[in-house]
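Undergrad: Next comes the structure file target-v8.txt, holding compact mmCIF, C-alpha atoms.
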```
# COMPACT_ATOMS: atom_id res chain seq x y z
CA MET A 1 101.87 66.92 91.03
CA LYS A 2 100.52 64.49 93.59
CA TYR A 3 98.32 66.89 95.48
CA VAL A 4 94.70 65.79 95.75
CA PHE A 5 92.19 68.55 96.34
CA GLN A 6 89.74 67.93 99.13
CA PHE A 7 86.93 70.41 99.31
CA GLY A 8 84.79 68.19 101.53
CA ILE A 9 86.53 69.43 104.64
CA VAL A 10 85.75 73.02 103.67
CA TRP A 11 82.09 72.07 103.39
CA ASP A 12 82.22 70.68 106.94
CA HIS A 13 83.41 74.04 108.23
CA LEU A 14 81.04 76.14 106.14
CA PRO A 15 79.09 77.48 109.15
CA GLN A 16 82.26 79.01 110.59
CA LEU A 17 83.15 80.55 107.25
CA LEU A 18 79.67 81.99 106.89
CA GLU A 19 79.89 83.45 110.37
CA GLY A 20 83.17 85.07 109.40
CA ALA A 21 81.62 86.45 106.22
CA TRP A 22 78.72 87.83 108.24
CA LEU A 23 81.16 89.68 110.49
CA THR A 24 82.96 91.00 107.40
CA LEU A 25 79.66 92.38 106.15
CA ARG A 26 78.73 93.91 109.49
CA LEU A 27 82.16 95.51 109.88
CA SER A 28 81.96 96.93 106.35
CA LEU A 29 78.46 98.33 106.82
CA GLY A 30 79.34 99.73 110.23
CA ALA A 31 82.51 101.36 108.93
CA PHE A 32 80.62 102.70 105.94
CA ALA A 33 77.97 104.31 108.15
CA LEU A 34 80.44 105.81 110.62
CA GLY A 35 82.97 106.81 107.99
CA PHE A 36 80.32 108.36 105.78
CA ALA A 37 78.84 110.40 108.64
CA VAL A 38 82.29 111.75 109.48
CA ALA A 39 83.03 112.38 105.80
CA VAL A 40 79.87 114.44 105.28
CA MET A 41 80.89 116.74 108.12
CA LEU A 42 84.48 116.93 106.98
CA ALA A 43 83.52 117.55 103.35
CA PHE A 44 81.19 120.35 104.42
CA LEU A 45 83.91 121.97 106.53
CA ARG A 46 86.49 121.32 103.82
CA THR A 47 84.49 123.39 101.34
CA ALA A 48 82.73 125.92 103.57
CA GLY A 49 84.78 126.06 106.79
CA PRO A 50 87.41 128.61 107.89
CA ARG A 51 90.83 128.39 106.25
CA GLY A 52 92.62 126.69 109.18
CA VAL A 53 89.96 123.99 109.39
CA ARG A 54 90.12 123.41 105.65
CA THR A 55 93.88 122.93 105.78
CA ALA A 56 93.62 120.55 108.73
CA ILE A 57 91.03 118.43 106.92
CA ALA A 58 93.09 118.41 103.73
CA ALA A 59 96.06 117.15 105.79
CA TYR A 60 93.92 114.44 107.39
CA VAL A 61 92.75 113.25 103.97
CA GLU A 62 96.28 113.22 102.54
CA ILE A 63 97.69 111.30 105.50
CA ILE A 64 94.97 108.66 105.29
CA ARG A 65 95.26 108.29 101.54
CA ASN A 66 99.05 108.08 101.43
CA THR A 67 99.72 105.49 104.13
CA PRO A 68 98.78 101.79 104.10
CA PHE A 69 95.60 100.70 105.85
CA LEU A 70 97.56 97.93 107.60
CA VAL A 71 99.91 100.47 109.20
CA GLN A 72 96.96 102.64 110.26
CA LEU A 73 95.50 99.57 111.88
CA PHE A 74 98.76 98.81 113.72
CA ILE A 75 98.90 102.36 115.05
CA ILE A 76 95.34 102.10 116.37
CA TYR A 77 95.72 98.62 117.83
CA PHE A 78 99.36 98.54 118.98
CA SER A 79 100.48 102.18 119.37
CA LEU A 80 97.46 103.82 120.98
CA PRO A 81 97.52 101.62 124.10
CA ALA A 82 100.75 103.44 125.01
CA LEU A 83 98.57 106.55 125.34
CA GLY A 84 96.07 104.62 127.44
CA ILE A 85 93.64 104.08 124.55
CA ARG A 86 93.02 100.36 124.55
CA MET A 87 90.42 98.49 122.54
CA GLU A 88 89.51 95.00 121.47
CA ALA A 89 90.63 93.78 118.07
CA ILE A 90 87.13 94.00 116.63
CA THR A 91 86.65 97.58 117.85
CA ALA A 92 90.07 98.55 116.55
CA ALA A 93 89.14 97.02 113.19
CA LEU A 94 85.89 99.00 113.06
CA VAL A 95 87.60 102.24 114.08
CA GLY A 96 90.43 101.69 111.60
CA MET A 97 88.10 100.91 108.74
CA SER A 98 85.88 103.90 109.57
CA ILE A 99 88.79 106.32 109.71
CA ASN A 100 90.28 104.95 106.52
CA PHE A 101 86.96 105.13 104.70
CA SER A 102 86.27 108.66 105.96
CA GLY A 103 89.49 109.87 104.33
CA TYR A 104 88.54 108.58 100.90
CA ALA A 105 84.87 109.50 101.23
CA THR A 106 85.72 113.09 102.24
CA GLU A 107 87.74 113.52 99.07
CA ILE A 108 85.00 111.94 96.94
CA LEU A 109 82.28 114.13 98.50
CA ARG A 110 84.41 117.24 98.14
CA SER A 111 84.72 116.66 94.40
CA GLY A 112 80.95 116.22 94.21
CA ILE A 113 80.28 119.40 96.16
CA GLU A 114 82.67 121.38 93.99
CA ALA A 115 80.93 120.09 90.88
CA VAL A 116 77.67 121.79 91.89
CA PRO A 117 77.43 124.96 89.74
CA LYS A 118 78.37 128.14 91.60
CA SER A 119 75.30 129.90 90.22
CA GLN A 120 73.03 127.58 92.22
CA ILE A 121 74.86 128.40 95.44
CA GLU A 122 74.67 132.10 94.63
CA ALA A 123 70.95 131.68 94.06
CA GLY A 124 70.75 130.19 97.54
CA HIS A 125 72.62 133.16 98.99
CA SER A 126 70.31 135.60 97.30
CA LEU A 127 67.34 133.79 98.81
CA GLY A 128 68.90 134.45 102.21
CA PHE A 129 69.80 130.81 102.92
CA THR A 130 72.49 130.15 105.50
CA ARG A 131 75.53 128.09 104.50
CA MET A 132 74.04 125.12 106.26
CA GLU A 133 70.73 125.50 104.46
CA ILE A 134 72.48 125.85 101.11
CA PHE A 135 74.41 122.68 101.82
CA ARG A 136 71.36 120.81 102.94
CA HIS A 137 68.82 121.91 100.31
CA ILE A 138 70.88 122.83 97.25
CA VAL A 139 74.23 121.07 97.32
CA ALA A 140 73.78 117.76 99.10
CA PHE A 141 71.45 115.87 96.78
CA PRO A 142 73.05 116.65 93.38
CA ALA A 143 76.52 116.21 94.89
CA LEU A 144 75.59 112.82 96.28
CA ARG A 145 74.18 111.79 92.95
CA THR A 146 77.36 112.83 91.13
CA VAL A 147 79.64 110.88 93.47
CA TYR A 148 77.39 107.88 94.05
CA PRO A 149 79.28 105.55 91.67
CA ALA A 150 82.62 106.49 93.25
CA LEU A 151 81.22 105.94 96.75
CA ALA A 152 79.77 102.58 95.73
CA SER A 153 83.16 101.46 94.39
CA GLN A 154 84.79 102.70 97.56
CA PHE A 155 82.39 100.58 99.61
CA VAL A 156 83.43 97.46 97.70
CA LEU A 157 87.09 98.40 98.23
CA LEU A 158 86.35 98.85 101.94
CA MET A 159 84.85 95.38 102.16
CA LEU A 160 87.64 93.69 100.23
CA GLY A 161 90.25 95.67 102.16
CA SER A 162 88.70 94.54 105.44
CA SER A 163 90.43 91.15 104.99
CA VAL A 164 93.56 92.91 106.24
CA VAL A 165 92.10 93.26 109.76
CA ALA A 166 92.85 89.55 110.15
CA ALA A 167 96.38 90.78 110.90
CA ILE A 168 95.14 92.04 114.29
CA SER A 169 93.03 88.88 114.65
CA ALA A 170 89.55 90.34 114.39
CA GLU A 171 87.59 87.15 113.65
CA GLU A 172 86.17 88.03 110.23
CA LEU A 173 86.25 85.85 107.13
CA THR A 174 89.99 85.99 106.51
CA ALA A 175 90.95 85.34 110.12
CA VAL A 176 88.49 82.43 110.34
CA THR A 177 89.96 81.01 107.15
CA ASN A 178 93.49 81.40 108.54
CA SER A 179 92.72 79.46 111.67
CA LEU A 180 90.76 76.75 109.82
CA GLN A 181 93.54 76.16 107.31
CA SER A 182 96.16 75.94 110.02
CA THR A 183 94.29 73.18 111.85
CA THR A 184 93.22 71.22 108.76
CA PHE A 185 96.32 71.69 106.54
CA ARG A 186 94.04 72.38 103.57
CA ALA A 187 95.23 75.91 102.93
CA PHE A 188 94.55 76.10 99.22
CA GLU A 189 90.99 74.78 99.45
CA PHE A 190 90.03 77.10 102.29
CA TYR A 191 91.51 80.20 100.67
CA PHE A 192 89.88 79.30 97.39
CA VAL A 193 86.43 79.08 98.95
CA ALA A 194 86.95 82.22 101.06
CA THR A 195 88.03 84.11 97.93
CA ALA A 196 84.88 82.95 96.16
CA MET A 197 82.83 84.20 99.11
CA TYR A 198 84.47 87.62 98.89
CA LEU A 199 83.76 87.69 95.18
CA ALA A 200 80.11 86.84 95.82
CA MET A 201 79.86 89.59 98.45
CA ALA A 202 81.51 92.10 96.12
CA LEU A 203 79.21 91.25 93.20
CA GLY A 204 76.19 91.13 95.50
CA SER A 205 76.89 94.58 96.93
CA ARG A 206 77.39 95.98 93.42
CA VAL A 207 73.95 94.72 92.40
CA LEU A 208 72.32 96.08 95.56
CA LEU A 209 74.09 99.42 95.30
CA ASN A 210 73.00 99.80 91.67
CA ALA A 211 69.44 98.99 92.70
CA LEU A 212 69.67 101.58 95.47
CA TYR A 213 70.90 104.17 92.97
CA TRP A 214 67.93 103.54 90.78
CA PHE A 215 65.57 103.64 93.77
CA VAL A 216 66.89 106.93 95.11
CA PHE A 217 67.93 108.87 92.02
CA GLU A 218 66.18 107.48 88.96
CA ARG A 219 62.72 106.81 90.30
CA ARG A 220 62.71 110.51 90.98
CA GLN A 221 59.84 112.45 92.34
CA PRO A 222 58.50 110.83 95.54
CA LEU A 223 61.79 110.38 97.36
CA ARG A 224 63.32 113.53 96.04
CA GLU A 225 60.47 115.56 97.45
CA ALA A 226 60.67 113.70 100.71
CA TRP A 227 64.34 114.64 100.89
CA SER A 228 63.90 118.34 100.31
CA ARG A 229 60.99 118.68 102.70
CA MET B 1 115.90 92.90 128.00
CA SER B 2 114.75 95.27 125.29
CA ARG B 3 116.67 97.59 123.05
CA ASP B 4 115.75 101.19 122.48
CA PHE B 5 114.64 102.43 119.13
CA ASP B 6 117.94 103.87 117.96
CA TRP B 7 119.76 104.92 114.84
CA SER B 8 120.61 101.36 113.82
CA ALA B 9 116.95 100.37 114.10
CA PHE B 10 116.06 103.29 111.85
CA LEU B 11 118.68 102.19 109.34
CA PHE B 12 117.15 98.71 109.43
CA LEU B 13 113.80 100.24 108.52
CA LEU B 14 115.37 102.20 105.67
CA GLY B 15 116.98 98.99 104.41
CA ALA B 16 113.59 97.32 104.42
CA LEU B 17 112.02 100.30 102.65
CA ARG B 18 114.24 99.31 99.74
CA TRP B 19 112.34 96.01 99.46
CA THR B 20 109.02 97.83 99.45
CA VAL B 21 110.35 99.87 96.53
CA VAL B 22 111.83 96.86 94.71
CA LEU B 23 108.63 94.85 95.08
CA SER B 24 106.54 97.81 93.88
CA ILE B 25 108.77 98.30 90.84
CA ILE B 26 108.73 94.63 89.86
CA ALA B 27 104.96 94.45 90.21
CA PHE B 28 104.55 97.74 88.35
CA VAL B 29 106.73 96.70 85.41
CA GLY B 30 105.36 93.17 85.23
CA GLY B 31 101.83 94.43 85.76
CA GLY B 32 102.44 97.06 83.08
CA VAL B 33 103.21 94.40 80.48
CA GLY B 34 100.19 92.33 81.55
CA GLY B 35 98.04 95.44 81.80
CA LEU B 36 98.87 96.57 78.27
CA LEU B 37 97.98 93.12 76.98
CA LEU B 38 94.70 93.17 78.92
CA ALA B 39 93.84 96.68 77.73
CA LEU B 40 94.42 95.65 74.11
CA MET B 41 92.35 92.50 74.61
CA ARG B 42 89.54 94.53 76.20
CA THR B 43 89.44 96.91 73.24
CA SER B 44 90.01 94.30 70.52
CA PRO B 45 87.36 93.38 67.95
CA TYR B 46 87.38 89.75 69.15
CA ARG B 47 84.64 88.94 71.62
CA THR B 48 86.43 85.98 73.23
CA LEU B 49 89.50 88.08 73.99
CA ARG B 50 87.33 90.82 75.47
CA TRP B 51 85.53 88.29 77.67
CA ILE B 52 88.73 86.70 78.92
CA ALA B 53 90.22 90.09 79.77
CA SER B 54 87.13 91.43 81.52
CA GLY B 55 86.70 88.15 83.40
CA TYR B 56 90.27 88.38 84.65
CA ILE B 57 89.92 92.03 85.64
CA GLY B 58 86.57 91.42 87.36
CA LEU B 59 87.98 88.48 89.28
CA LEU B 60 91.06 90.32 90.54
CA GLN B 61 89.22 93.54 91.32
CA GLY B 62 86.43 91.65 93.07
CA THR B 63 88.60 89.76 95.56
CA PRO B 64 90.93 90.93 98.34
CA VAL B 65 94.64 91.26 97.49
CA LEU B 66 95.40 89.40 100.69
CA MET B 67 93.43 86.39 99.45
CA GLN B 68 95.21 86.54 96.09
CA LEU B 69 98.46 86.56 98.00
CA PHE B 70 97.49 83.53 100.11
CA LEU B 71 96.33 81.68 96.99
CA ALA B 72 99.59 82.43 95.19
CA TYR B 73 101.59 81.38 98.23
CA TYR B 74 99.76 78.14 98.95
CA GLY B 75 98.82 77.56 95.32
CA LEU B 76 102.48 77.57 94.28
CA ALA B 77 103.24 75.25 97.16
CA VAL B 78 100.55 72.86 95.98
CA LEU B 79 101.73 72.96 92.36
CA THR B 80 105.39 72.44 93.14
CA GLY B 81 104.87 70.21 96.15
CA LEU B 82 107.37 72.20 98.22
CA ARG B 83 107.13 74.77 100.90
CA ILE B 84 108.04 77.88 98.97
CA ASP B 85 109.75 81.11 99.76
CA PRO B 86 107.54 84.24 100.08
CA TRP B 87 109.48 86.03 97.28
CA PRO B 88 108.02 84.29 94.20
CA ALA B 89 104.53 84.22 95.69
CA VAL B 90 104.60 87.90 96.59
CA THR B 91 105.98 89.07 93.24
CA LEU B 92 103.55 86.84 91.32
CA ALA B 93 100.52 87.99 93.32
CA PHE B 94 101.30 91.71 93.10
CA THR B 95 102.16 91.47 89.40
CA LEU B 96 98.82 89.80 88.60
CA TYR B 97 97.04 92.36 90.78
CA ALA B 98 98.77 95.32 89.13
CA ALA B 99 98.02 93.91 85.67
CA ALA B 100 94.28 93.89 86.40
CA PHE B 101 94.18 97.49 87.62
CA LEU B 102 96.50 98.88 84.94
CA GLY B 103 94.57 96.95 82.30
CA GLU B 104 91.35 98.61 83.42
CA ILE B 105 92.90 102.09 83.62
CA TRP B 106 94.46 101.80 80.17
CA ARG B 107 91.32 100.36 78.61
CA GLY B 108 89.56 103.53 79.75
CA ALA B 109 92.31 105.65 78.22
CA ILE B 110 92.17 103.82 74.88
CA GLN B 111 88.39 104.08 74.75
CA ALA B 112 88.57 107.79 75.54
CA ILE B 113 90.17 108.35 72.13
CA PRO B 114 87.40 109.33 69.68
CA ARG B 115 86.41 106.76 67.03
CA GLN B 116 87.27 109.24 64.30
CA GLN B 117 90.95 108.91 65.20
CA TRP B 118 90.81 105.23 64.32
CA GLU B 119 88.86 105.96 61.16
CA ALA B 120 91.24 108.71 60.09
CA ALA B 121 94.22 106.45 60.70
CA ALA B 122 92.56 103.67 58.74
CA ALA B 123 91.88 106.06 55.88
CA ILE B 124 95.55 107.08 55.45
CA PRO B 125 95.76 103.94 55.26
CA LEU B 126 97.60 102.51 58.28
CA SER B 127 97.48 98.85 59.26
CA PRO B 128 95.48 98.09 62.43
CA PHE B 129 98.75 97.70 64.35
CA ALA B 130 100.13 100.97 63.00
CA GLN B 131 96.85 102.73 63.86
CA LEU B 132 97.30 101.62 67.43
CA ARG B 133 101.02 102.21 67.59
CA HIS B 134 101.22 105.65 65.95
CA VAL B 135 97.81 107.22 66.46
CA ILE B 136 95.88 105.76 69.38
CA LEU B 137 98.44 104.77 72.00
CA PRO B 138 100.43 108.05 71.96
CA GLN B 139 97.23 109.95 72.71
CA ALA B 140 95.87 107.38 75.15
CA MET B 141 99.16 107.44 77.07
CA ARG B 142 98.75 111.11 77.92
CA ILE B 143 95.32 110.48 79.39
CA ALA B 144 96.53 107.37 81.19
CA ILE B 145 99.56 108.81 82.96
CA PRO B 146 97.85 110.54 85.94
CA PRO B 147 95.69 107.56 86.99
CA THR B 148 98.67 105.27 86.43
CA VAL B 149 100.76 107.30 88.85
CA GLY B 150 97.79 107.24 91.21
CA PHE B 151 97.68 103.47 91.00
CA LEU B 152 101.40 103.30 91.78
CA VAL B 153 100.57 104.88 95.15
CA GLN B 154 97.88 102.24 95.71
CA LEU B 155 100.40 99.53 94.77
CA ILE B 156 103.12 100.80 97.12
CA LYS B 157 100.64 100.92 100.01
CA GLY B 158 99.31 97.51 99.02
CA THR B 159 102.73 95.87 99.26
CA SER B 160 102.50 96.35 103.04
CA ILE B 161 100.19 93.32 102.97
CA ALA B 162 103.12 91.13 101.94
CA SER B 163 104.24 91.46 105.57
CA ILE B 164 101.37 89.15 106.55
CA ILE B 165 102.99 86.14 104.88
CA GLY B 166 106.35 87.09 106.37
CA PHE B 167 107.95 88.91 103.47
CA VAL B 168 110.33 91.44 105.04
CA GLU B 169 109.49 94.82 103.58
CA LEU B 170 108.90 98.06 105.47
CA THR B 171 105.84 97.01 107.48
CA ARG B 172 107.27 93.61 108.46
CA ALA B 173 110.54 95.30 109.43
CA GLY B 174 108.51 97.61 111.65
CA GLN B 175 106.90 94.64 113.38
CA LEU B 176 110.32 93.06 113.92
CA ILE B 177 111.67 96.26 115.46
CA VAL B 178 108.61 96.56 117.69
CA ASN B 179 109.22 92.98 118.86
CA VAL B 180 112.66 93.92 120.19
CA THR B 181 112.08 97.52 121.30
CA PHE B 182 108.50 97.31 122.62
CA GLN B 183 107.98 100.83 121.32
CA PRO B 184 105.03 100.63 118.91
CA MET B 185 104.20 104.26 119.76
CA ILE B 186 107.42 105.35 118.06
CA VAL B 187 107.95 102.71 115.41
CA TYR B 188 104.57 102.51 113.65
CA PRO B 189 104.18 106.27 113.20
CA ILE B 190 107.68 106.31 111.70
CA ILE B 191 106.66 103.51 109.34
CA ALA B 192 103.59 105.53 108.36
CA LEU B 193 105.80 108.57 107.81
CA LEU B 194 108.15 106.63 105.55
CA TYR B 195 105.24 105.41 103.41
CA PHE B 196 103.91 108.94 103.33
CA ALA B 197 107.28 110.27 102.17
CA LEU B 198 107.18 107.74 99.34
CA CYS B 199 103.53 108.13 98.33
CA TRP B 200 102.67 111.77 98.83
CA PRO B 201 105.02 113.20 96.18
CA LEU B 202 103.56 110.68 93.72
CA SER B 203 100.01 111.71 94.67
CA LEU B 204 100.89 115.36 94.13
CA LEU B 205 102.48 114.52 90.81
CA ALA B 206 99.38 112.61 89.72
CA LEU B 207 97.18 115.57 90.66
CA ARG B 208 99.37 118.05 88.78
CA LEU B 209 99.51 115.90 85.66
CA GLU B 210 95.76 115.47 85.79
CA ARG B 211 95.17 119.21 86.02
CA ARG B 212 97.54 119.84 83.13
CA ILE B 213 95.75 117.31 80.93
CA ASP B 214 92.32 118.60 81.96
CA ALA B 215 93.45 122.09 81.01
CA ALA B 216 94.78 120.85 77.66
CA LEU B 217 91.50 119.11 76.93
CA GLY B 218 89.50 122.06 78.22
CA ILE B 219 87.65 120.15 80.92
CA GLY B 220 87.37 120.86 84.60
CA GLN B 221 87.17 124.63 84.12
CA PRO B 222 85.64 126.39 87.10
CA ALA B 223 81.96 127.13 86.52
```
Mind turning this structure into structure tokens?

TA:
Amino acid sequence: MKYVFQFGIVWDHLPQLLEGAWLTLRLSLGAFALGFAVAVMLAFLRTAGPRGVRTAIAAYVEIIRNTPFLVQLFIIYFSLPALGIRMEAITAALVGMSINFSGYATEILRSGIEAVPKSQIEAGHSLGFTRMEIFRHIVAFPALRTVYPALASQFVLLMLGSSVVAAISAEELTAVTNSLQSTTFRAFEFYFVATAMYLAMALGSRVLLNALYWFVFERRQPLREAWSR
Amino acid sequence: MSRDFDWSAFLFLLGALRWTVVLSIIAFVGGGVGGLLLALMRTSPYRTLRWIASGYIGLLQGTPVLMQLFLAYYGLAVLTGLRIDPWPAVTLAFTLYAAAFLGEIWRGAIQAIPRQQWEAAAAIPLSPFAQLRHVILPQAMRIAIPPTVGFLVQLIKGTSIASIIGFVELTRAGQLIVNVTFQPMIVYPIIALLYFALCWPLSLLALRLERRIDAALGIGQPA
């Protein structure tokens, strides 16, 4: 083995890599926010909506969860323009990630909602709450608490999975790494460092998400009251 | 001059679907062996073994599969000094990836078996290996089957990423067909449909198995 590792050149291009990583983070947070908002609506309708709506949402979730993210991305970026829906790579990446995340998050939220004891919902009915009020004041908080760990894991998966959007050349960390390695011929070094950056982002988000859990659910009273007000 | 998406193009896709299946099976079997080893290491009484296994699992679950694939591809090239074929890189990367996930799933299954089962087996007395072989693993396997089938779905979908380094499986075949037919509106939805046809029955199976086991263990009863 005559190969000599040269990490110096990676160091020279660190600003570009960091910029890519920053875009990865922004894409992931953006997709999380959008996908989560959609998922809350879908999960509500999936559990409390009319039968037809429930079936349609179940189908949506199954389609998302049983096809590869890469293919979903290709459909959004390459197939939709045939219908006149054209977007830039970065927008397509955000839309693809949001849709993909919403599928998983809907299923996660549904399981949380269904884990809330029926007696509590019946209590809400007997107090004359509407379905929306029951969801908002009785179901939402405990359900969110139940599924928080699953959602947090899904966020990390979303971020790691976002590397795939390099395939449609959205300039996030993986795509930046691809273009740097092809001009410097130091593929192994660049991928090694980029992988370490992903690992750092994954571990970092785990720590932050755990802290957030404690802040929202464990510290109890103040926030909880603020929520139900 | 472009061709239309015709019957022969569809057959080409079906032919490529075979490589998606082959790659998934190789990674699943290889990852199964590695995963069992990891699960045993994670639950062993030796701290060093536990650390090695959890380090490995944490590393592979904390980084993108695509990066692992690139590292395997270019890493092998660096080690051997030659430009290598995608095949060994792809099978290596997906096997290592599957091992990490299966190792974690099976660790959970082994740890779900109550301590008393070990103690009872030790009291008969069975050797530590026999305790594992005849008492713990048969029970752990039942718990492990649904999430294992679920992971198989994740693995099959994940192999689509191999297309990025030029390995011709279903997704790559789709890109090739699009390049000659210019009909992404037809081809990619068909690709998605083919994956769905492969994955959905497995997802349903996983769900059914899970419900059956939940019922047997008396959990998940409606409130």

Undergrad: At what distance in Å, to one decimal, does CA of Pro68 (chain A) lie from CA of Gly35 (chain B)?

TA: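 CA of Pro68 (chain A) lies at a distance of 23.2 Å from CA of Gly35 (chain B).
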
Undergrad: For Ala39 (chain A), find every residue with an atom within 8 Å (counting all atoms listed in the file), except residues of its own chain fewer than 4 positions away, and show them as a count of residues only.

TA: 7

Undergrad: Interatomic distance between CA of Thr55 (chain A) and CA of Ile99 (chain A)?

TA: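 If I compute the distance from CA of Thr55 (chain A) to CA of Ile99 (chain A), I get 17.8 Å.
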
Undergrad: If you take only C-alpha atoms and a cut-off of 9 Å, which residues of chain B touch chain A, and what are their nearest atom pairs and distances in Å to one decimal, in chain and number order, as CSV?

TA:
```
residue,atom,partner,partner_atom,distance
B:Leu59,CA,A:Leu199,CA,7.3
B:Gln61,CA,A:Leu157,CA,8.7
B:Gly62,CA,A:Leu199,CA,5.2
B:Thr63,CA,A:Leu199,CA,5.3
B:Pro64,CA,A:Leu160,CA,4.7
B:Val65,CA,A:Gly161,CA,7.8
B:Leu66,CA,A:Ser163,CA,6.8
B:Met67,CA,A:Thr195,CA,6.1
B:Gln68,CA,A:Thr195,CA,7.8
B:Phe70,CA,A:Tyr191,CA,6.9
B:Leu71,CA,A:Tyr191,CA,6.2
B:Tyr73,CA,A:Phe188,CA,8.9
B:Tyr74,CA,A:Phe188,CA,5.6
B:Gly75,CA,A:Phe188,CA,6.0
B:Ala77,CA,A:Phe188,CA,9.0
B:Val78,CA,A:Tyr3,CA,6.4
B:Leu79,CA,A:Met1,CA,6.2
B:Thr80,CA,A:Met1,CA,6.9
B:Gly81,CA,A:Met1,CA,6.8
B:Val153,CA,A:Asn66,CA,7.2
B:Gln154,CA,A:Asn66,CA,8.3
B:Ile156,CA,A:Pro68,CA,8.3
B:Lys157,CA,A:Pro68,CA,4.6
B:Gly158,CA,A:Pro68,CA,6.7
B:Thr159,CA,A:Pro68,CA,8.6
B:Ser160,CA,A:Pro68,CA,6.7
B:Ile161,CA,A:Leu70,CA,7.0
B:Ile164,CA,A:Ala167,CA,6.8
B:Thr171,CA,A:Val71,CA,7.1
B:Gln183,CA,A:Ser79,CA,7.9
B:Pro184,CA,A:Ser79,CA,4.8
B:Met185,CA,A:Ser79,CA,4.3
B:Ile186,CA,A:Ser79,CA,7.7
B:Val187,CA,A:Ser79,CA,8.5
B:Tyr188,CA,A:Ile75,CA,5.8
B:Pro189,CA,A:Ile75,CA,6.8
B:Ile191,CA,A:Val71,CA,7.4
B:Ala192,CA,A:Thr67,CA,5.7
B:Leu193,CA,A:Thr67,CA,7.7
B:Leu194,CA,A:Thr67,CA,8.6
B:Tyr195,CA,A:Thr67,CA,5.6
B:Phe196,CA,A:Asn66,CA,5.3
B:Ala197,CA,A:Asn66,CA,8.5
B:Leu198,CA,A:Asn66,CA,8.4
B:Cys199,CA,A:Asn66,CA,5.4
B:Trp200,CA,A:Asn66,CA,5.8
B:Ser203,CA,A:Asn66,CA,7.7
B:Pro222,CA,A:Ala115,CA,8.7
B:Ala223,CA,A:Pro117,CA,6.0
```

Undergrad: To one decimal in Å, tell me the separation between CA of Ile85 (chain A) and CA of Gly52 (chain A).

TA: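 CA of Ile85 (chain A) sits 27.4 Å away from CA of Gly52 (chain A).
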
Undergrad: Give me the residues within 6 Å of Ala206 (chain B) as number ranges by chain, counting all atoms listed in the file and dropping any in the same chain fewer than 5 places off.

TA: B: 146, 149-150

Undergrad: Hey, can you spit out that residue selection with C-alpha atoms as a PDB file, in the frame of the given file?

TA:
```
ATOM      1  CA  PRO B 146      97.850 110.540  85.940  1.00  0.00           C
ATOM      2  CA  VAL B 149     100.760 107.300  88.850  1.00  0.00           C
ATOM      3  CA  GLY B 150      97.790 107.240  91.210  1.00  0.00           C
TER       4      GLY B 150
END
```

Undergrad: Counting all atoms listed in the file, figure out which residue out of B:Ile105, B:Leu13, B:Ala162, B:Ile177 gets nearest to Leu40 (chain B).

TA: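 Looking at the shortest contact to Leu40 (chain B), the residue is B:Ile105.
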
Undergrad: Within 12 Å of Arg26 (chain A), counting all atoms listed in the file, which residues show up once you throw out same-chain ones fewer than 3 positions away? Write them as a VMD selection string, please.

TA: chain A and resid 19 to 23 29 to 33 90 93 to 94 97 158 to 159 162 171 to 173 201

Undergrad: Which one is closest to Gly112 (chain A): A:Leu144, A:Leu45, A:Leu27, A:Leu208? Count all atoms listed in the file.

TA: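 Among the listed residues, the smallest separation from Gly112 (chain A) belongs to A:Leu144.
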
Undergrad: Identify which of the residues A:Ile113, A:Tyr60, A:Ser182, A:Trp11 lies closest to Ala140 (chain A), counting all atoms listed in the file when measuring atom-to-atom distances.

TA: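 For Ala140 (chain A), the nearest of the candidates is A:Ile113.
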
Undergrad: I'd like the neighbourhood of Val139 (chain A) as a CSV table (one decimal) with C-alpha atoms, in the coordinates of the input, where a residue qualifies if any of its atoms comes within 8 Å (using all atoms listed in the file), though same-chain residues fewer than 3 positions away should be ignored.

TA:
```
chain,number,residue,atom,x,y,z
A,113,ILE,CA,80.3,119.4,96.2
A,116,VAL,CA,77.7,121.8,91.9
A,121,ILE,CA,74.9,128.4,95.4
A,134,ILE,CA,72.5,125.8,101.1
A,135,PHE,CA,74.4,122.7,101.8
A,136,ARG,CA,71.4,120.8,102.9
A,142,PRO,CA,73.0,116.6,93.4
A,143,ALA,CA,76.5,116.2,94.9
```

Undergrad: Might you pull out every residue within 12 Å of Ala9 (chain B), with all atoms listed in the file counted and same-chain residues fewer than 4 positions away left off, and present them as a count of residues only?

TA: 21

Undergrad: Rank A:Leu212, A:Val207, A:Leu127, A:Val193 by their smallest atom-to-atom distance to Gln6 (chain A), using all atoms listed in the file, and report the top residue only.

TA: A:Val193

Undergrad: So, counting all atoms listed in the file, which residue among B:Arg50, B:Ser163, B:Asp85, B:Thr43 is closest to Gln111 (chain B)?

TA: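 For Gln111 (chain B), the nearest of the candidates is B:Thr43.
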
Undergrad: Using all atoms listed in the file, pick whichever of B:Ile143, B:Leu152, B:Leu17, B:Val168 has the shortest atom-to-atom distance to Ile213 (chain B).

TA: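 Of the candidates, the smallest distance to Ile213 (chain B) is held by B:Ile143.
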